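Below is data.cif, holding mmCIF, C-alpha atoms.
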data_run
loop_
_atom_site.label_atom_id
_atom_site.label_comp_id
_atom_site.auth_asym_id
_atom_site.auth_seq_id
_atom_site.Cartn_x
_atom_site.Cartn_y
_atom_site.Cartn_z
CA MET A 1 7.43 10.72 -24.41
CA LYS A 2 7.95 9.22 -20.97
CA ILE A 3 5.86 9.21 -17.85
CA ARG A 4 7.21 10.89 -14.76
CA SER A 5 7.47 8.65 -11.73
CA PHE A 6 6.91 9.88 -8.20
CA ILE A 7 7.70 8.16 -4.91
CA LYS A 8 8.74 9.37 -1.50
CA GLY A 9 11.94 7.75 -0.26
CA SER A 10 12.58 7.02 3.40
CA GLY A 11 14.62 9.79 4.98
CA ILE A 12 15.79 11.32 1.69
CA GLY A 13 12.71 13.16 0.45
CA PHE A 14 11.34 12.42 -2.97
CA VAL A 15 12.71 9.90 -5.39
CA LEU A 16 12.23 10.05 -9.12
CA PHE A 17 12.34 6.79 -10.97
CA LEU A 18 13.49 7.50 -14.51
CA GLY A 19 12.05 4.20 -15.67
CA VAL A 20 8.46 3.06 -15.64
CA CYS A 21 7.16 -0.17 -14.15
CA SER A 22 4.67 -1.70 -16.55
CA CYS A 23 2.03 -4.17 -15.49
CA GLN A 24 -0.55 -6.18 -17.39
CA MET A 25 -4.05 -6.81 -16.10
CA ASN A 26 -2.81 -10.05 -14.51
CA LYS A 27 -0.63 -7.81 -12.28
CA LYS A 28 2.66 -9.40 -13.38
CA SER A 29 5.04 -6.43 -13.37
CA GLU A 30 8.29 -5.90 -15.24
CA LYS A 31 10.97 -3.54 -13.96
CA VAL A 32 12.14 -1.28 -16.78
CA SER A 33 14.89 0.67 -15.03
CA ASP A 34 16.69 0.82 -11.71
CA ARG A 35 18.07 4.32 -12.27
CA VAL A 36 17.00 6.79 -9.59
CA SER A 37 17.78 10.35 -8.65
CA VAL A 38 16.86 12.38 -5.59
CA VAL A 39 14.30 15.13 -5.97
CA PRO A 40 14.77 17.64 -3.11
CA ALA A 41 11.15 18.73 -2.86
CA LYS A 42 7.75 17.91 -4.25
CA SER A 43 7.55 21.35 -5.86
CA LYS A 44 10.63 20.44 -7.90
CA TYR A 45 8.91 17.32 -9.15
CA PHE A 46 5.97 19.36 -10.42
CA GLU A 47 8.04 22.31 -11.65
CA TYR A 48 7.64 22.94 -15.38
CA SER A 49 10.43 22.13 -17.79
CA LYS A 50 10.03 21.30 -21.45
CA GLU A 51 12.54 18.49 -20.90
CA LYS A 52 10.41 16.76 -18.26
CA ASP A 53 8.07 13.87 -18.87
CA ILE A 54 4.29 14.02 -18.82
CA ILE A 55 2.65 13.31 -15.46
CA VAL A 56 -0.55 11.23 -15.49
CA SER A 57 -3.30 11.86 -12.94
CA GLY A 58 -6.01 9.27 -12.41
CA HIS A 59 -9.35 11.14 -12.28
CA ARG A 60 -11.35 9.71 -9.34
CA GLY A 61 -8.62 7.08 -9.36
CA GLY A 62 -9.57 5.71 -12.75
CA ARG A 63 -12.13 3.49 -14.46
CA LEU A 64 -11.76 -0.29 -14.68
CA PRO A 65 -14.19 -3.23 -14.66
CA GLY A 66 -14.71 -4.53 -11.15
CA LEU A 67 -12.75 -1.69 -9.55
CA PRO A 68 -15.00 1.26 -8.62
CA GLU A 69 -13.87 4.87 -8.79
CA ASN A 70 -12.51 6.34 -5.53
CA SER A 71 -11.84 2.87 -4.15
CA LEU A 72 -8.58 2.02 -2.43
CA GLU A 73 -8.42 -1.21 -4.42
CA LEU A 74 -8.48 0.73 -7.70
CA LEU A 75 -5.70 3.05 -6.53
CA GLN A 76 -3.63 0.04 -5.50
CA PHE A 77 -4.09 -1.65 -8.87
CA VAL A 78 -3.19 1.42 -10.91
CA THR A 79 -0.07 2.18 -8.87
CA ASP A 80 1.01 -1.44 -9.34
CA SER A 81 0.69 -0.84 -13.07
CA MET A 82 2.27 2.57 -13.63
CA SER A 83 3.64 5.79 -12.17
CA VAL A 84 0.66 8.02 -11.39
CA ILE A 85 -0.88 10.62 -9.12
CA PHE A 86 -4.57 10.66 -8.23
CA GLU A 87 -7.41 13.16 -8.06
CA ILE A 88 -9.91 11.91 -5.46
CA ASP A 89 -13.09 13.22 -3.84
CA PRO A 90 -13.47 13.73 -0.08
CA ARG A 91 -16.97 13.90 1.41
CA LEU A 92 -18.42 13.92 4.92
CA THR A 93 -20.59 11.25 6.49
CA LYS A 94 -23.37 12.02 8.96
CA ASP A 95 -20.90 11.55 11.82
CA SER A 96 -18.24 13.76 10.19
CA ILE A 97 -15.93 11.04 8.92
CA ILE A 98 -14.17 12.00 5.69
CA VAL A 99 -14.64 9.33 3.04
CA LEU A 100 -14.04 9.13 -0.71
CA HIS A 101 -17.08 9.53 -2.97
CA HIS A 102 -17.62 11.83 -5.92
CA ASP A 103 -21.38 12.40 -5.94
CA ALA A 104 -23.42 13.83 -3.09
CA LYS A 105 -25.80 10.90 -3.59
CA LEU A 106 -24.92 7.22 -3.38
CA ASP A 107 -27.15 6.01 -6.21
CA ARG A 108 -24.78 6.14 -9.22
CA THR A 109 -21.78 4.33 -7.78
CA THR A 110 -23.03 2.21 -4.87
CA THR A 111 -25.80 -0.18 -3.85
CA GLY A 112 -27.12 2.54 -1.53
CA THR A 113 -29.58 5.34 -2.20
CA GLY A 114 -29.95 8.95 -1.13
CA ASN A 115 -27.41 11.37 0.24
CA LEU A 116 -24.12 10.02 1.53
CA SER A 117 -24.30 12.62 4.30
CA ALA A 118 -27.38 10.86 5.69
CA TYR A 119 -25.29 7.78 6.57
CA THR A 120 -22.84 7.30 9.41
CA PHE A 121 -19.53 5.71 8.49
CA GLN A 122 -20.53 2.46 10.21
CA GLU A 123 -23.81 2.38 8.25
CA LEU A 124 -21.89 2.79 5.01
CA GLN A 125 -19.57 -0.06 5.96
CA ALA A 126 -22.43 -2.34 7.00
CA ASP A 127 -25.05 -1.62 4.35
CA VAL A 128 -23.44 -0.14 1.23
CA ARG A 129 -21.15 -1.67 -1.39
CA LEU A 130 -19.43 0.07 -4.29
CA GLU A 131 -20.40 -0.54 -7.92
CA ASP A 132 -18.03 -0.29 -10.87
CA TYR A 133 -18.57 2.07 -13.81
CA GLU A 134 -20.82 -0.48 -15.55
CA GLY A 135 -23.08 -0.64 -12.51
CA ASN A 136 -21.88 -4.05 -11.34
CA PRO A 137 -21.96 -4.47 -7.53
CA THR A 138 -18.72 -5.41 -5.82
CA ASN A 139 -17.75 -6.40 -2.30
CA LEU A 140 -15.76 -3.19 -1.89
CA LYS A 141 -16.64 -0.48 0.63
CA VAL A 142 -16.53 3.31 0.67
CA PRO A 143 -13.04 4.05 2.06
CA ARG A 144 -12.02 6.54 4.72
CA LEU A 145 -9.72 9.25 3.42
CA LYS A 146 -7.49 8.66 6.44
CA ASP A 147 -6.89 5.05 5.39
CA VAL A 148 -6.18 6.04 1.79
CA MET A 149 -3.70 8.66 2.97
CA ALA A 150 -1.91 6.09 5.12
CA TRP A 151 -1.69 3.77 2.12
CA ALA A 152 -0.46 6.51 -0.26
CA LYS A 153 2.66 7.47 1.69
CA GLY A 154 5.68 6.51 -0.37
CA LYS A 155 3.55 5.50 -3.35
CA THR A 156 1.85 8.50 -4.93
CA VAL A 157 0.46 12.03 -4.55
CA LEU A 158 -3.22 12.52 -3.70
CA ASN A 159 -5.01 15.58 -5.06
CA LEU A 160 -8.13 16.31 -2.98
CA ASP A 161 -10.93 17.84 -5.03
CA LYS A 162 -13.19 20.42 -3.42
CA LYS A 163 -16.46 18.85 -2.29
CA ASP A 164 -18.37 19.32 0.99
CA VAL A 165 -15.54 18.95 3.52
CA PRO A 166 -14.67 22.24 5.26
CA PRO A 167 -11.07 23.30 4.48
CA ALA A 168 -10.29 23.39 8.21
CA MET A 169 -11.03 19.66 8.44
CA ILE A 170 -8.78 18.94 5.46
CA VAL A 171 -5.99 20.97 7.08
CA SER A 172 -6.45 19.18 10.39
CA LEU A 173 -6.33 15.69 8.85
CA ILE A 174 -3.26 16.41 6.73
CA LYS A 175 -1.46 17.72 9.81
CA GLU A 176 -2.60 14.75 11.91
CA MET A 177 -1.28 12.35 9.27
CA ASP A 178 1.91 14.36 8.73
CA ALA A 179 1.05 14.10 5.03
CA GLN A 180 2.03 17.47 3.56
CA ASP A 181 4.77 15.82 1.50
CA TYR A 182 2.38 13.76 -0.61
CA MET A 183 -0.87 15.73 -0.62
CA MET A 184 -2.29 18.31 -3.02
CA VAL A 185 -5.54 20.29 -2.75
CA THR A 186 -7.72 21.58 -5.57
CA VAL A 187 -8.73 25.23 -5.19
CA HIS A 188 -11.13 27.20 -7.36
CA ASN A 189 -10.15 30.76 -6.48
CA ALA A 190 -7.47 32.92 -4.88
CA ASP A 191 -9.15 33.05 -1.47
CA GLN A 192 -9.07 29.27 -1.18
CA ALA A 193 -5.44 29.26 -2.33
CA LYS A 194 -4.48 31.81 0.34
CA TYR A 195 -6.24 29.81 3.05
CA TYR A 196 -4.38 26.60 2.30
CA TYR A 197 -1.06 28.37 1.88
CA LYS A 198 -1.49 30.04 5.27
CA HIS A 199 -2.30 26.79 7.07
CA LEU A 200 -0.42 24.24 4.94
CA PRO A 201 2.45 26.04 3.19
CA GLY A 202 4.06 22.73 2.29
CA VAL A 203 1.07 21.36 0.38
CA MET A 204 0.88 21.72 -3.39
CA GLN A 205 -2.28 23.21 -4.88
CA SER A 206 -4.08 22.48 -8.13
CA VAL A 207 -5.42 25.91 -9.08
CA PHE A 208 -8.01 26.77 -11.73
CA ILE A 209 -6.23 29.20 -14.09
CA ARG A 210 -8.11 28.99 -17.38
CA ASN A 211 -8.19 32.63 -18.43
CA SER A 212 -6.68 36.05 -17.80
CA GLU A 213 -9.05 36.89 -14.95
CA GLU A 214 -8.14 33.74 -13.00
CA TYR A 215 -4.45 34.29 -13.77
CA GLU A 216 -4.45 37.86 -12.44
CA SER A 217 -6.48 36.86 -9.38
CA PHE A 218 -3.98 34.17 -8.42
CA ALA A 219 -0.98 36.38 -9.26
CA SER A 220 -2.18 38.89 -6.65
CA SER A 221 -2.85 36.22 -3.98
CA GLY A 222 0.67 36.13 -2.57
CA VAL A 223 0.84 32.33 -2.91
CA PRO A 224 4.20 31.36 -4.48
CA TRP A 225 4.09 30.03 -8.02
CA HIS A 226 6.18 27.03 -6.98
CA ASN A 227 3.30 25.92 -4.71
CA ILE A 228 0.95 25.16 -7.58
CA ILE A 229 0.08 23.33 -10.72
CA ALA A 230 -2.55 24.98 -12.94
CA TYR A 231 -5.67 23.36 -14.35
CA VAL A 232 -6.05 25.14 -17.69
CA GLY A 233 -9.08 23.33 -19.14
CA ARG A 234 -9.91 20.40 -21.38
CA THR A 235 -7.23 21.14 -23.94
CA ILE A 236 -4.55 23.61 -24.98
CA ASP A 237 -5.68 25.94 -27.74
CA GLU A 238 -5.40 29.55 -28.85
CA GLU A 239 -7.76 30.65 -26.07
CA ASN A 240 -5.44 29.59 -23.25
CA ALA A 241 -2.06 29.34 -25.01
CA GLU A 242 -0.94 32.80 -23.84
CA ILE A 243 -1.87 32.03 -20.22
CA ILE A 244 0.03 28.74 -20.39
CA GLU A 245 3.10 30.53 -21.72
CA LYS A 246 2.96 32.93 -18.75
CA LEU A 247 2.56 30.06 -16.33
CA HIS A 248 5.53 28.25 -17.83
CA VAL A 249 7.67 31.35 -17.30
CA HIS A 250 6.82 31.02 -13.59
CA GLY A 251 7.75 27.31 -13.65
CA VAL A 252 4.13 26.18 -13.32
CA SER A 253 3.13 22.88 -14.92
CA CYS A 254 -0.24 22.97 -16.68
CA MET A 255 -2.85 20.23 -16.51
CA VAL A 256 -5.58 19.34 -18.97
CA SER A 257 -8.41 16.86 -18.42
CA TYR A 258 -9.48 14.24 -20.94
CA ALA A 259 -12.22 12.97 -18.60
CA PRO A 260 -15.04 15.01 -20.17
CA THR A 261 -13.85 14.55 -23.77
CA HIS A 262 -11.69 11.74 -25.17
CA ASP A 263 -12.28 9.40 -22.22
CA LYS A 264 -15.98 9.30 -23.09
CA LEU A 265 -15.43 7.82 -26.55
CA GLY A 266 -16.92 4.34 -26.52
CA ASP A 267 -14.28 2.43 -28.47
CA LYS A 268 -10.76 1.86 -27.13
CA GLU A 269 -9.13 2.24 -30.54
CA GLU A 270 -11.07 5.45 -31.14
CA ARG A 271 -9.83 6.78 -27.78
CA LYS A 272 -6.26 5.82 -28.64
CA LYS A 273 -6.38 7.80 -31.89
CA ALA A 274 -7.90 10.79 -30.07
CA TYR A 275 -5.19 10.69 -27.38
CA GLN A 276 -2.44 10.44 -29.99
CA LYS A 277 -3.81 13.36 -32.01
CA GLU A 278 -4.26 15.51 -28.90
CA LEU A 279 -0.79 14.79 -27.58
CA LEU A 280 0.87 15.59 -30.89
CA SER A 281 -0.88 18.94 -31.17
CA THR A 282 -0.75 20.12 -27.53
CA ASN A 283 1.94 18.24 -25.52
CA PRO A 284 0.52 19.04 -22.03
CA ASP A 285 2.55 18.83 -18.81
CA ILE A 286 -0.04 16.84 -16.84
CA ILE A 287 -2.94 14.77 -18.15
CA GLU A 288 -5.93 14.00 -15.94
CA SER A 289 -7.87 10.99 -17.20
CA ASP A 290 -10.45 8.39 -16.18
CA LEU A 291 -8.28 5.89 -18.06
CA PRO A 292 -4.70 6.37 -16.85
CA LEU A 293 -3.63 2.91 -18.06
CA GLU A 294 -4.70 3.72 -21.61
CA ILE A 295 -2.85 7.06 -21.44
CA ARG A 296 0.20 5.18 -20.14
CA SER A 297 0.14 2.89 -23.19
CA VAL A 298 -0.03 5.79 -25.64
CA LEU A 299 2.80 7.63 -23.90
CA GLN A 300 5.00 4.54 -23.80
CA ALA A 301 4.46 4.02 -27.52
CA LYS A 302 5.72 7.57 -28.14
CA LYS A 303 8.92 7.18 -26.12
#

Rewrite the structure from the file as structure tokens, please.
Amino acid sequence: MKIRSFIKGSGIGFVLFLGVCSCQMNKKSEKVSDRVSVVPAKSKYFEYSKEKDIIVSGHRGGRLPGLPENSLELLQFVTDSMSVIFEIDPRLTKDSIIVLHHDAKLDRTTTGTGNLSAYTFQELQADVRLEDYEGNPTNLKVPRLKDVMAWAKGKTVLNLDKKDVPPAMIVSLIKEMDAQDYMMVTVHNADQAKYYYKHLPGVMQSVFIRNSEEYESFASSGVPWHNIIAYVGRTIDEENAEIIEKLHVHGVSCMVSYAPTHDKLGDKEERKKAYQKELLSTNPDIIESDLPLEIRSVLQAKK
């Protein structure tokens, strides 16, 4: 198995690197291949084909010592190490600045306490520092989504999870940044899908389609199948296999998430065995994980 590579080329749309750049923790990178081909549209990159490689999505960016989730520095490190897209979490400050932070409260992942929405952006920058997944304080700050979007152009695709930011504000910022080409939005139902398609027809959507009810609801929404990927659950099994087959007929790539399952195993070797077993039995199109670098290693070993 190989990992799909995504990058936006200057003036020619999207470029697909058929090789993968590998990087060790010391950030010394090795170019594997110079072969490239032009991808005419982002929807083509995400379009399902059994011949295509697995896409890896870093959940909240990822999880590494010293590099907190939803930090720009983590996103930078992971993209230096592999081809990847990211699921990230936009939230609003007291003064309506969109920043990245998963929880409504600051306590778990920062040196601050209480609701993030009780802080202005300047207060966050002055008084709050991010902590890594082990609870170690860092010198890193809660980033603005606008800054992360500016960084991401030409490097990756950002999938914005649904938190407390009104959809109209998301639409406005994506238009302001002229970022439709490299943004994706997570939607939980057909009404949300229709809203984003109406206002941002060029933006891909990550749609919850885990069962027949959600499938039929989206099918009647009027949003084109080529505008979406489908989140189908934690794994592929007999409960969702029929839905996935239908989605594949429409050219829709299906995503599973290892974040709530295999990623939580405490031992790296134990996780590796779980990933290998899962991949052999299910072969998903897109894998969302807290540990994209570990997924990368397993996929490279299977090439």

Excluding same-chain residues fewer than 3 positions from range 131-138 of chain A, what lies within 9 Å of it counting only C-alpha atoms, as an mmCIF file with C-alpha atoms, keeping the file's coordinate frame?
data_model
loop_
_atom_site.group_PDB
_atom_site.id
_atom_site.type_symbol
_atom_site.label_atom_id
_atom_site.label_comp_id
_atom_site.auth_asym_id
_atom_site.auth_seq_id
_atom_site.Cartn_x
_atom_site.Cartn_y
_atom_site.Cartn_z
ATOM 1 C CA ARG A 63 -12.130 3.490 -14.460
ATOM 2 C CA LEU A 64 -11.760 -0.290 -14.680
ATOM 3 C CA PRO A 65 -14.190 -3.230 -14.660
ATOM 4 C CA GLY A 66 -14.710 -4.530 -11.150
ATOM 5 C CA LEU A 67 -12.750 -1.690 -9.550
ATOM 6 C CA PRO A 68 -15.000 1.260 -8.620
ATOM 7 C CA GLU A 69 -13.870 4.870 -8.790
ATOM 8 C CA ARG A 108 -24.780 6.140 -9.220
ATOM 9 C CA THR A 109 -21.780 4.330 -7.780
ATOM 10 C CA THR A 110 -23.030 2.210 -4.870
ATOM 11 C CA THR A 111 -25.800 -0.180 -3.850
ATOM 12 C CA LYS A 141 -16.640 -0.480 0.630
#

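Taking CA of Leu106 in chain A as the reference point, CA of Asp80 in chain A is found at 28.0 Å.
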
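Counting all atoms listed in the file and comparing A:Glu294, A:Tyr48, A:Gly114, A:Lys162, the residue that lies closest to Leu247 in chain A is A:Tyr48.
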
Given the point (4.9, 18.7, -15.1) in the file's coordinates, find the residues that have an atom at most 9 Å from it, counting all atoms listed in the file, and give them as a JSON list (two decimals) with C-alpha atoms, in the coordinates of the input.
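Saved file result20.json follows:
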[["chain", "number", "residue", "atom", "x", "y", "z"],
["A", 4, "ARG", "CA", 7.21, 10.89, -14.76],
["A", 45, "TYR", "CA", 8.91, 17.32, -9.15],
["A", 46, "PHE", "CA", 5.97, 19.36, -10.42],
["A", 47, "GLU", "CA", 8.04, 22.31, -11.65],
["A", 48, "TYR", "CA", 7.64, 22.94, -15.38],
["A", 49, "SER", "CA", 10.43, 22.13, -17.79],
["A", 50, "LYS", "CA", 10.03, 21.30, -21.45],
["A", 52, "LYS", "CA", 10.41, 16.76, -18.26],
["A", 53, "ASP", "CA", 8.07, 13.87, -18.87],
["A", 54, "ILE", "CA", 4.29, 14.02, -18.82],
["A", 55, "ILE", "CA", 2.65, 13.31, -15.46],
["A", 229, "ILE", "CA", 0.08, 23.33, -10.72],
["A", 252, "VAL", "CA", 4.13, 26.18, -13.32],
["A", 253, "SER", "CA", 3.13, 22.88, -14.92],
["A", 254, "CYS", "CA", -0.24, 22.97, -16.68],
["A", 255, "MET", "CA", -2.85, 20.23, -16.51],
["A", 284, "PRO", "CA", 0.52, 19.04, -22.03],
["A", 285, "ASP", "CA", 2.55, 18.83, -18.81],
["A", 286, "ILE", "CA", -0.04, 16.84, -16.84]]

Result set, the PyMOL selection byres ((chain A and resi 159) around 6) on current file, as an MDAnalysis selection string: chainID A and resid 86:87 158 160 184:185

Just want the 6 Å neighbourhood of Glu288 in chain A, counted on all atoms listed in the file, with same-chain residues fewer than 2 positions away dropped. Output as number ranges by chain. A: 57-59, 257

Which one of A:Ser289, A:Gln76, A:Ser71, A:Asn283 sits closest to Pro260 in chain A if you count all atoms listed in the file? A:Ser289

Between A:Asp147, A:Glu123, A:Asp267, A:Glu239, which is the closest to Glu73 in chain A once you count only C-alpha atoms?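 The answer is A:Asp147, which sits nearest to Glu73 in chain A.
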
Counting all atoms listed in the file, the option among A:Ala152, A:Ala168, A:Leu74, A:Met82 closest to Ile295 in chain A: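 For Ile295 in chain A, the nearest of the candidates is A:Met82.
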
Minimum-distance residue to Glu242 in chain A, chosen among A:Leu291, A:Ile85, A:Val128, A:Ile209 (using all atoms listed in the file):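 That would be A:Ile209, the residue with the smallest distance to Glu242 in chain A.
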
As an exercise, work out the distance from CA of Leu100 in chain A to CA of Gly202 in chain A in Å and give it to one decimal place. 22.8 Å

Rank A:His262, A:Arg234, A:Lys155, A:His226 by their smallest atom-to-atom distance to His248 in chain A, using only C-alpha atoms, and report the top residue only.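 Result for the nearest residue to His248 in chain A: A:His226.
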
So which residues touch Lys163 in chain A within 10 Å, counting all atoms listed in the file, skipping near sequence neighbours fewer than 5 positions away, as a PDB file with C-alpha atoms, in the frame of the given file?
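Below you can see part_3.pdb, which holds the result:
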ATOM      1  CA  ASP A  89     -13.090  13.220  -3.840  1.00  0.00           C
ATOM      2  CA  PRO A  90     -13.470  13.730  -0.080  1.00  0.00           C
ATOM      3  CA  ARG A  91     -16.970  13.900   1.410  1.00  0.00           C
ATOM      4  CA  LEU A  92     -18.420  13.920   4.920  1.00  0.00           C
ATOM      5  CA  HIS A 101     -17.080   9.530  -2.970  1.00  0.00           C
ATOM      6  CA  HIS A 102     -17.620  11.830  -5.920  1.00  0.00           C
ATOM      7  CA  ASP A 103     -21.380  12.400  -5.940  1.00  0.00           C
ATOM      8  CA  ALA A 104     -23.420  13.830  -3.090  1.00  0.00           C
ATOM      9  CA  THR A 186      -7.720  21.580  -5.570  1.00  0.00           C
TER      10      THR A 186
END
